[in-house]
Every structure is written in structure tokens, then in C-alpha cells.
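One file, upload_24.cif, is given below (mmCIF, C-alpha atoms).
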```cif
data_query
loop_
_atom_site.label_atom_id
_atom_site.label_comp_id
_atom_site.auth_asym_id
_atom_site.auth_seq_id
_atom_site.Cartn_x
_atom_site.Cartn_y
_atom_site.Cartn_z
CA MET A 1 0.00 0.00 0.00
CA ASN A 2 1.43 3.36 -1.01
CA PRO A 3 1.69 6.02 1.71
CA PRO A 4 -0.80 8.87 1.38
CA ARG A 5 0.48 11.85 -0.56
CA GLU A 6 0.93 15.05 1.38
CA SER A 7 -1.80 17.53 0.48
CA ALA A 8 -0.83 20.65 -1.44
CA THR A 9 -0.88 24.02 0.26
CA THR A 10 -0.38 27.66 -0.66
CA VAL A 11 1.82 30.04 1.31
CA GLN A 12 1.82 33.79 0.84
CA MET A 13 4.86 36.02 1.44
CA GLN A 14 5.11 39.79 1.37
CA PHE A 15 8.37 41.78 1.21
CA ASP A 16 8.62 45.37 2.45
CA ASP A 17 11.60 46.51 0.35
CA ASN A 18 10.87 46.15 -3.36
CA SER A 19 14.41 47.23 -4.27
CA LEU A 20 15.80 43.94 -2.89
CA LEU A 21 13.52 41.70 -4.93
CA PRO A 22 15.48 41.64 -8.21
CA GLU A 23 18.49 40.18 -6.39
CA LEU A 24 16.32 37.93 -4.21
CA PHE A 25 14.54 36.45 -7.23
CA GLY A 26 17.71 36.43 -9.35
CA GLU A 27 18.29 37.38 -12.96
CA ARG A 28 15.30 36.13 -14.94
CA ASP A 29 14.01 34.59 -11.68
CA ARG A 30 16.84 32.03 -11.67
CA ASN A 31 16.87 31.86 -7.83
CA LEU A 32 13.15 31.14 -7.75
CA GLU A 33 13.60 28.48 -10.44
CA ARG A 34 16.37 26.88 -8.38
CA ILE A 35 14.07 26.65 -5.35
CA GLU A 36 11.26 25.26 -7.49
CA GLU A 37 13.56 22.59 -8.90
CA LYS A 38 15.02 21.59 -5.52
CA LEU A 39 11.72 21.44 -3.61
CA GLY A 40 9.13 20.69 -6.28
CA VAL A 41 7.08 23.80 -5.53
CA ALA A 42 5.65 26.55 -7.73
CA LEU A 43 6.58 30.19 -7.05
CA VAL A 44 4.56 33.05 -8.55
CA SER A 45 5.49 36.69 -7.88
CA ARG A 46 3.18 39.70 -8.19
CA GLY A 47 4.76 42.97 -7.14
CA ASN A 48 6.09 42.52 -3.62
CA HIS A 49 3.95 39.43 -3.02
CA LEU A 50 5.08 35.85 -3.61
CA MET A 51 2.81 32.81 -3.68
CA ILE A 52 4.31 29.38 -2.91
CA SER A 53 2.33 26.29 -3.90
CA GLY A 54 3.28 22.70 -3.17
CA ALA A 55 3.35 19.95 -0.58
CA GLY A 56 2.99 21.46 2.89
CA ALA A 57 6.50 20.67 4.20
CA ASN A 58 8.19 21.75 0.97
CA ALA A 59 6.22 24.99 0.81
CA ASP A 60 7.29 25.76 4.38
CA MET A 61 10.94 25.04 3.50
CA ALA A 62 10.72 27.37 0.50
CA ARG A 63 9.30 30.11 2.69
CA ALA A 64 12.02 29.60 5.33
CA ALA A 65 14.76 29.69 2.67
CA LEU A 66 13.39 32.83 1.04
CA ASP A 67 13.06 34.50 4.42
CA GLN A 68 16.73 33.76 5.17
CA LEU A 69 17.81 35.10 1.78
CA TYR A 70 15.73 38.27 2.17
CA ARG A 71 17.29 38.95 5.60
CA ARG A 72 20.71 38.35 4.06
CA LEU A 73 20.02 41.07 1.49
CA GLN A 74 18.76 43.43 4.20
CA GLN A 75 22.13 43.02 5.94
CA GLY A 76 23.95 44.05 2.76
CA HIS A 77 25.16 40.63 1.61
CA ALA A 78 24.81 39.23 -1.89
CA VAL A 79 22.61 36.30 -2.86
CA ASP A 80 23.98 33.85 -5.41
CA ALA A 81 23.37 30.18 -6.26
CA ALA A 82 25.59 29.07 -3.35
CA ALA A 83 23.61 31.23 -0.91
CA VAL A 84 20.34 29.78 -2.23
CA ASP A 85 21.61 26.23 -1.75
CA ALA A 86 22.83 27.10 1.76
CA ALA A 87 19.44 28.54 2.71
CA LEU A 88 17.74 25.40 1.40
CA ARG A 89 20.04 23.15 3.46
CA HIS A 90 19.31 25.12 6.62
CA ALA A 91 15.57 25.14 5.90
CA ALA A 92 15.58 21.37 5.30
CA SER A 93 17.25 20.85 8.69
CA GLY A 94 14.46 22.74 10.42
CA GLY A 95 16.77 25.50 11.62
CA ALA A 96 17.67 28.98 10.52
CA ARG A 97 21.17 30.21 9.87
CA SER A 98 22.54 32.48 12.59
CA ASP A 99 24.67 35.53 11.76
CA GLY A 100 26.72 34.64 14.84
CA ASP A 101 28.09 31.65 12.92
CA ASP A 102 29.61 33.87 10.21
CA ILE A 103 33.38 34.19 9.95
CA ARG A 104 34.93 37.55 9.06
CA THR A 105 38.28 37.75 7.33
CA LYS A 106 40.12 40.60 5.61
CA LYS A 107 38.80 39.69 2.17
CA ARG A 108 35.38 38.24 2.80
CA ARG A 109 32.63 37.25 5.16
CA ILE A 110 32.12 33.49 5.17
CA SER A 111 28.78 31.95 6.11
CA PRO A 112 28.26 28.25 6.92
CA ARG A 113 26.37 26.66 4.04
CA SER A 114 24.87 23.71 5.89
CA PRO A 115 23.83 22.83 9.46
CA HIS A 116 26.92 20.62 9.84
CA GLN A 117 29.14 23.52 8.76
CA ALA A 118 27.47 25.74 11.38
CA ASP A 119 28.03 23.05 14.03
CA TYR A 120 31.67 22.84 12.94
CA VAL A 121 32.27 26.60 13.24
CA ARG A 122 30.73 26.60 16.73
CA ALA A 123 32.92 23.64 17.70
CA LEU A 124 36.06 25.36 16.40
CA ARG A 125 35.26 28.40 18.51
CA GLY A 126 34.28 26.50 21.63
CA HIS A 127 36.66 23.52 21.90
CA ASP A 128 40.40 23.14 22.23
CA LEU A 129 40.51 20.18 19.81
CA VAL A 130 38.09 19.54 16.95
CA PHE A 131 38.01 16.65 14.48
CA GLY A 132 36.31 17.49 11.17
CA LEU A 133 35.51 14.35 9.20
CA GLY A 134 33.90 13.76 5.84
CA PRO A 135 34.25 13.77 2.06
CA ALA A 136 36.00 16.30 -0.13
CA GLY A 137 34.24 19.59 -0.76
CA THR A 138 32.45 19.86 2.59
CA GLY A 139 34.52 22.82 3.82
CA LYS A 140 36.43 21.04 6.60
CA THR A 141 39.80 22.67 5.94
CA TYR A 142 38.47 25.92 4.46
CA LEU A 143 36.35 26.74 7.50
CA ALA A 144 39.15 25.77 9.88
CA VAL A 145 41.55 28.13 8.10
CA ALA A 146 38.89 30.87 8.04
CA THR A 147 38.28 30.50 11.78
CA ALA A 148 42.03 30.58 12.41
CA VAL A 149 42.39 33.80 10.38
CA ASP A 150 39.42 35.36 12.20
CA MET A 151 40.95 34.50 15.59
CA LEU A 152 44.36 35.82 14.51
CA MET A 153 42.87 39.12 13.33
CA SER A 154 40.93 39.52 16.60
CA GLY A 155 43.96 38.75 18.78
CA GLN A 156 42.58 35.51 20.22
CA VAL A 157 45.67 33.68 18.95
CA GLU A 158 49.12 34.97 18.05
CA ARG A 159 49.88 32.72 15.10
CA ILE A 160 48.53 30.07 12.75
CA VAL A 161 50.29 26.79 12.09
CA LEU A 162 49.07 24.73 9.12
CA SER A 163 50.36 21.23 8.45
CA ARG A 164 49.85 18.21 6.22
CA PRO A 165 51.51 14.79 5.99
CA ALA A 166 53.41 14.52 2.70
CA VAL A 167 52.46 10.87 2.32
CA GLU A 168 52.39 10.93 -1.47
CA ALA A 169 56.04 12.03 -1.56
CA GLY A 170 57.53 9.16 0.44
CA GLU A 171 60.96 8.12 -0.82
CA ARG A 172 60.36 10.03 -4.05
CA LEU A 173 60.71 13.40 -2.32
CA GLY A 174 64.43 13.55 -3.09
CA PHE A 175 63.81 13.24 -6.82
CA LEU A 176 61.73 16.42 -6.97
CA PRO A 177 63.56 19.55 -8.15
CA GLY A 178 64.61 22.40 -5.88
CA ASP A 179 65.37 22.79 -2.18
CA LEU A 180 63.31 21.30 0.65
CA LYS A 181 60.68 24.06 0.47
CA ASP A 182 60.27 23.51 -3.27
CA LYS A 183 59.87 19.77 -2.71
CA VAL A 184 57.13 19.97 -0.05
CA ASP A 185 55.20 23.03 -1.27
CA PRO A 186 53.07 21.06 -3.78
CA TYR A 187 51.63 19.01 -0.88
CA LEU A 188 50.85 22.17 1.09
CA ARG A 189 49.37 24.18 -1.80
CA PRO A 190 45.70 23.75 -0.72
CA LEU A 191 46.54 25.49 2.57
CA TYR A 192 48.14 28.40 0.73
CA ASP A 193 45.07 28.64 -1.52
CA ALA A 194 42.74 28.91 1.48
CA LEU A 195 44.86 31.67 3.03
CA TYR A 196 44.97 33.70 -0.18
CA ASP A 197 41.18 33.48 -0.33
CA MET A 198 40.93 35.22 3.05
CA LEU A 199 43.88 37.61 3.25
CA PRO A 200 45.48 39.96 0.69
CA GLY A 201 48.49 38.33 -0.93
CA ASP A 202 51.00 40.79 0.50
CA GLN A 203 49.69 40.13 4.02
CA VAL A 204 49.98 36.36 3.57
CA MET A 205 53.62 36.68 2.53
CA LYS A 206 54.41 39.24 5.24
CA ARG A 207 52.88 37.07 7.97
CA ILE A 208 54.64 33.96 6.70
CA ALA A 209 57.95 35.84 6.71
CA SER A 210 57.36 37.07 10.28
CA GLY A 211 56.34 33.63 11.53
CA GLU A 212 52.74 34.65 12.31
CA ILE A 213 51.65 32.07 9.75
CA GLU A 214 53.59 28.85 9.34
CA ILE A 215 52.88 26.16 6.73
CA ALA A 216 54.95 23.03 7.16
CA PRO A 217 54.91 19.25 6.67
CA LEU A 218 53.83 17.18 9.67
CA ALA A 219 57.38 15.93 10.26
CA PHE A 220 58.41 19.50 11.15
CA MET A 221 56.10 19.48 14.20
CA ARG A 222 58.15 16.98 16.21
CA GLY A 223 59.69 18.30 19.43
CA ARG A 224 57.74 21.57 19.46
CA THR A 225 55.18 23.11 21.83
CA LEU A 226 52.67 25.29 20.03
CA ALA A 227 51.27 27.87 22.46
CA ARG A 228 48.78 30.68 21.72
CA ALA A 229 48.36 29.29 18.21
CA PHE A 230 45.59 27.94 16.02
CA VAL A 231 47.02 24.68 14.68
CA ILE A 232 45.46 22.77 11.78
CA LEU A 233 46.37 19.29 10.56
CA ASP A 234 44.86 18.58 7.14
CA GLU A 235 44.57 15.17 5.41
CA ALA A 236 44.96 13.52 8.81
CA GLN A 237 43.76 10.15 7.49
CA ASN A 238 47.29 9.76 6.10
CA THR A 239 49.01 9.79 9.49
CA SER A 240 50.21 6.82 11.52
CA PRO A 241 49.09 6.48 15.17
CA GLY A 242 52.56 7.60 16.25
CA GLN A 243 52.47 10.69 14.05
CA MET A 244 49.00 11.59 15.27
CA LYS A 245 49.98 11.26 18.93
CA MET A 246 53.06 13.38 18.26
CA PHE A 247 50.94 16.10 16.64
CA LEU A 248 48.18 16.16 19.26
CA THR A 249 50.69 16.48 22.08
CA ARG A 250 52.13 19.66 20.52
CA LEU A 251 49.11 21.54 21.91
CA GLY A 252 50.35 24.32 24.19
CA GLU A 253 48.88 26.98 26.44
CA ASP A 254 45.92 28.97 25.02
CA ALA A 255 46.10 27.05 21.73
CA ARG A 256 43.39 25.58 19.51
CA MET A 257 43.75 22.58 17.25
CA ALA A 258 41.69 21.37 14.27
CA VAL A 259 42.26 17.97 12.65
CA THR A 260 40.56 17.30 9.31
CA GLY A 261 40.38 14.14 7.25
CA ASP A 262 38.38 11.74 5.09
CA LEU A 263 38.51 8.15 6.29
CA SER A 264 37.40 6.94 2.84
CA GLN A 265 40.52 8.44 1.19
CA ILE A 266 43.41 6.81 3.04
CA ASP A 267 46.70 6.75 1.07
CA LEU A 268 48.73 4.76 3.59
CA SER A 269 50.40 1.50 2.62
CA PRO A 270 48.04 -1.51 2.65
CA GLY A 271 47.69 -2.86 6.17
CA ALA A 272 49.05 0.29 7.85
CA GLU A 273 47.04 1.56 10.80
CA CYS A 274 45.34 4.92 10.36
CA GLY A 275 46.32 7.50 12.96
CA LEU A 276 43.10 9.48 12.53
CA GLN A 277 40.87 6.48 13.25
CA ASP A 278 43.10 5.50 16.17
CA ALA A 279 42.80 9.02 17.65
CA LEU A 280 39.03 9.04 17.27
CA ASP A 281 38.77 5.69 19.08
CA THR A 282 41.23 6.70 21.80
CA LEU A 283 39.83 10.17 22.53
CA ASP A 284 36.13 9.32 22.32
CA GLY A 285 34.37 11.03 25.22
CA THR A 286 37.39 13.14 26.27
CA ASP A 287 36.51 16.58 27.67
CA GLY A 288 37.48 19.47 25.40
CA VAL A 289 37.35 17.35 22.24
CA ALA A 290 34.59 17.72 19.63
CA THR A 291 33.95 15.69 16.49
CA VAL A 292 31.84 16.91 13.56
CA GLN A 293 30.91 14.43 10.83
CA PHE A 294 30.08 15.78 7.38
CA ASP A 295 28.35 13.84 4.61
CA ASP A 296 27.57 14.27 0.92
CA SER A 297 24.72 16.69 1.69
CA ASP A 298 27.36 19.16 2.91
CA VAL A 299 29.37 19.20 -0.33
CA VAL A 300 29.55 22.83 -1.48
CA ARG A 301 31.59 22.42 -4.67
CA HIS A 302 30.06 21.68 -8.07
CA PRO A 303 26.76 19.76 -7.60
CA LEU A 304 28.31 16.83 -9.49
CA VAL A 305 30.80 16.35 -6.62
CA ALA A 306 27.99 15.35 -4.26
CA ARG A 307 26.69 12.86 -6.81
CA ILE A 308 30.21 11.45 -7.27
CA VAL A 309 30.59 11.00 -3.49
CA ARG A 310 27.22 9.22 -3.28
CA ALA A 311 28.12 6.95 -6.22
CA TYR A 312 31.40 5.88 -4.60
CA ASP A 313 29.70 5.33 -1.24
CA ARG A 314 27.07 3.17 -2.94
CA ARG A 315 29.77 1.16 -4.70
CA ASP A 316 31.68 0.62 -1.45
CA ARG A 317 28.53 -0.61 0.30
CA GLN A 318 27.82 -3.02 -2.53
CA ARG A 319 31.37 -4.35 -2.45
CA GLY A 320 31.16 -4.78 1.30
CA ALA A 321 27.91 -6.70 0.98
CA ARG A 322 29.40 -8.98 -1.69
CA ARG A 323 32.48 -9.68 0.46
CA ALA A 324 30.29 -10.49 3.45
CA ALA A 325 28.17 -12.83 1.33
CA SER A 326 31.28 -14.50 -0.08
CA ARG A 327 32.68 -15.14 3.41
CA ALA A 328 29.37 -16.60 4.59
CA LYS A 329 28.93 -18.89 1.59
CA PRO A 330 31.49 -21.62 2.54
CA ASP A 331 29.87 -21.95 6.00
CA ASP A 332 26.46 -22.33 4.39
CA GLU A 333 27.81 -24.99 2.03
CA ARG A 334 29.39 -26.95 4.89
CA ARG A 335 26.14 -26.90 6.84
CA SER A 336 24.19 -28.10 3.80
CA ARG A 337 26.55 -31.10 3.35
CA THR A 338 26.17 -32.14 6.98
#
```
Could I get this structure in the form of C-alpha cells?
Amino acid sequence: MNPPRESATTVQMQFDDNSLLPELFGERDRNLERIEEKLGVALVSRGNHLMISGAGANADMARAALDQLYRRLQQGHAVDAAAVDAALRHAASGGARSDGDDIRTKKRRISPRSPHQADYVRALRGHDLVFGLGPAGTGKTYLAVATAVDMLMSGQVERIVLSRPAVEAGERLGFLPGDLKDKVDPYLRPLYDALYDMLPGDQVMKRIASGEIEIAPLAFMRGRTLARAFVILDEAQNTSPGQMKMFLTRLGEDARMAVTGDLSQIDLSPGAECGLQDALDTLDGTDGVATVQFDDSDVVRHPLVARIVRAYDRRDRQRGARRAASRAKPDDERRSRT
């Protein structure tokens, strides 16, 4: 028996400032069309009135998303496709985005684009150690760097330390051209990219030269104590348990630490133990430690990225089910012969 279909409803909205409506609706109503496509509702505008028709829950989500976007425009911020998608994610979660979750850097104001991203920003501000886990494109590293820059600009920390394990280099590092910096920079480039997105280029270079911002391979962290710093370890799934323990114990006085990684993208040698998973198991329930898990619904890159992540997850589940069935088959055969 099919479940009963949710009855259609009509929701009316009225906007006080007509001058904001062209940007709210988008060029040729492209923002309204995006909401219609995502939620399966119909949006009809007449002057400063908007009528939303569709299934009750979806109509309410469309209203909540449009209300968020309208308030965003009232505060002087732009509305683009990414902002529309972010408002839809927050509306679908049943919550509204809070301006208090925004991150302010020299070049831009960054707003969490999903409920998990908002949880992550709050965790980064409120905990000494935060693990951000999930697939590529969910903003784990970007938001951590943005929070670090915000805290540096406001004087809450005195420096930023960004690190990554150069696992892909391995023994081949010596064959790359240039000095040591030239050899490791390709593995640290995503961290540079995030910084340049938040600070003017001359400030990035000046702060790197002064030591306010340090970008270094994980091996360079050994033997140090990092006090009054915001420390980020990216691609942490490629650490060993020993490396992870070494990194975590660098935490000094008045410091914050963010560890990001994707447990489905481990590049360690087959059979090697993952330091990120070991740390999660070991520190589970420890005071001062927060863990935020992202999923494919949080992917904020090209929409195809989310579909790619889901396709790989589906494949991995199918492979796991086949392996489990293959292991069980010999036992079933033995029981049938007896």
C-alpha cells in the first residue's frame, strides 16, 4: 500500500523593500527556479507578493529559505546560487542560519552553508581540539583556516600553524627539483590557496615571513610546543598512530587545534594503521574534544561532486555486501553437506 500523498498548500509572502527583490529572485528569476527545482514547488510573484504552492512541508521550507535570503540582502550581503543552496540546506534541517556563525576575514565574510558547517564553526570556537571528518568539498579545511584567520585578526591567537603529511612524496621526495621548500610546497598548496582566499596576498607573505603564519609538513612538528596558536592538521587520514599522537601532544597553552580528514581516502600502505581512526577511538568522550561528521549533503563544490561521493559510497557498500556474502557462503555450504 502506497503512503498517502501530502496535500498541497499555498503560502503567501510579502516583502517590504521592493528594491531587494530583483536580487532575491535572481536574474530572470533564476533563484526562484532553483528553489522550485530543488523542492518541487511553484513560485509566482506579483509585485512585492510571492505565492508558494506545493506539498505542505516543501512549501514551508521554500518560505524559510526565502526568508533567510531576504534577511541576508537586508544586511547588505549578496545572494547567489551558493547562498540559495545554503538557505535550502538550513531550511531542510528545520533551523535557521545564525549571523553569529559567520566568519569575518580581511577579504570576505564566510557563512556556513549547511547545518553541519554551522556546528563545525561553533565547535572550532568552543573547543580546544576539533576533528572534522567527511568527504572532499564539505569545507572542513576551508572553514578551519577561516576560523584561524578570524581568531588571529581579533587577537585571540598569536599565530597560525598549518600542516599536512606529505604521504604521497615518500621516498620520491628527493627526486623532486629544488630545495626542501620547493619539494614539499606542492603538498601544502591547498593550505596556501585557502589563506589567499581570506587575506590579501602581501599580508599572507608578510605574515609567513614574520612567523605569524607557518605552513609546514607534519614531520616538522616533532619536538615543538605550540602555544597561543591555532594549529590545523589537514589530510589527517594519512598519518600513523605515532604521528597523530606526536601532533596532538604539541598543543600548548591557550592554543586551539583542528584535525581534518576523510577516512574513505586513506593513502597509507596496505595494512598500515590509520592514525586518525586511532585518535578518534582513543579520545572518544574526552573533555574538550569535539567531532563533527560531514556527509555528501554538505558538499559545497560543483553539484556533481555530491553525486560522485554518493556513487562511490554506494559502490563501497555493494562491495562490502558482496564480500560479506562470499565469506558466509562456505559456511552455508558446509552446513548443507552435513
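Reported to one decimal place, the separation of atom CA of A:Leu66 from atom CA of A:Asp80 is 12.4 Å.
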How would you write, as a tab-separated table (two decimals) with C-alpha atoms, in the frame of the given file, the residues chosen by the PyMOL selection byres ((chain A and resi 212) around 10) on this structure?
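Final output, expr-v2.tsv:
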```tsv
chain	number	residue	atom	x	y	z
A	152	LEU	CA	44.36	35.82	14.51
A	157	VAL	CA	45.67	33.68	18.95
A	158	GLU	CA	49.12	34.97	18.05
A	159	ARG	CA	49.88	32.72	15.10
A	160	ILE	CA	48.53	30.07	12.75
A	161	VAL	CA	50.29	26.79	12.09
A	204	VAL	CA	49.98	36.36	3.57
A	206	LYS	CA	54.41	39.24	5.24
A	207	ARG	CA	52.88	37.07	7.97
A	208	ILE	CA	54.64	33.96	6.70
A	209	ALA	CA	57.95	35.84	6.71
A	210	SER	CA	57.36	37.07	10.28
A	211	GLY	CA	56.34	33.63	11.53
A	213	ILE	CA	51.65	32.07	9.75
A	214	GLU	CA	53.59	28.85	9.34
A	229	ALA	CA	48.36	29.29	18.21
```
Open item on the list: For a quick check of understanding, using only C-alpha atoms, which of A:Asp197, A:Asp85, A:Asp295, A:Asp313 has the smallest distance to A:Lys106?
Closed with: A:Asp197
Open item on the list: Just the number, please: distance in Å from atom CA of A:Gln12 to atom CA of A:Arg89, one decimal.
Closed with: 21.3 Å
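Run against this file, the PyMOL selection byres ((chain A and resi 244) around 10) gives back A:Leu218, A:Leu233, A:Ala236, A:Gln237, A:Asn238, A:Thr239, A:Ser240, A:Pro241, A:Gly242, A:Gln243, A:Lys245, A:Met246, A:Phe247, A:Leu248, A:Thr249, A:Val259, A:Cys274, A:Gly275, A:Leu276, A:Gln277, A:Asp278, A:Ala279.
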Open item on the list: Could you check the closest approach to A:Arg222 for each of A:Arg250, A:Arg322, A:Arg104, A:Arg113 and tell me which residue wins, using all atoms listed in the file?
Closed with: A:Arg250
- [ ] Step by step, work through what the PyMOL selection byres ((chain A and resi 299) around 12) selects in the shown file, and finish by giving those residues as a PyMOL selection string.
- [x] chain A and resi 82+85-86+89+112-117+134-140+294-298+300-310
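Picture a line from atom CA of A:Phe230 to atom CA of A:Arg256; it runs 4.8 Å.
Proximity to A:Ala87 was assessed for A:Tyr196, A:Gln74, A:Asp119, A:Asn31 counting all atoms listed in the file; the smallest distance is recorded for A:Asn31.
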Centre and edge lengths of an axis-aligned box around all listed atoms of stretch 184-195 of chain A, with 6 Å added on each side, are to be given in Å to one decimal, as JSON.
```
{"center_x": 49.9, "center_y": 25.3, "center_z": -0.4, "size_x": 26.4, "size_y": 24.7, "size_z": 18.8}
```
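When all atoms listed in the file are used to compute distances to A:Arg108, the closest of the residues A:Asp150, A:Ala65, A:Arg315, A:Tyr192 turns out to be A:Asp150.
The closest residue to A:Ser154, picked from A:Leu124, A:Val44, A:Ile103, A:Leu24 and counting all atoms listed in the file, is A:Ile103.
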Task: Selection: 9 Å around A:Asp128, only C-alpha atoms, excl. self and same-chain fewer than 2 positions, as JSON, numbers by chain - done: {"A": [123, 124, 125, 126, 130, 251, 254, 255, 256, 257, 258, 288, 289, 290]}
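Residue nearest A:Thr286, chosen from A:Leu129, A:Ala194, A:Ala62, A:Met221 and counting all atoms listed in the file: A:Leu129.
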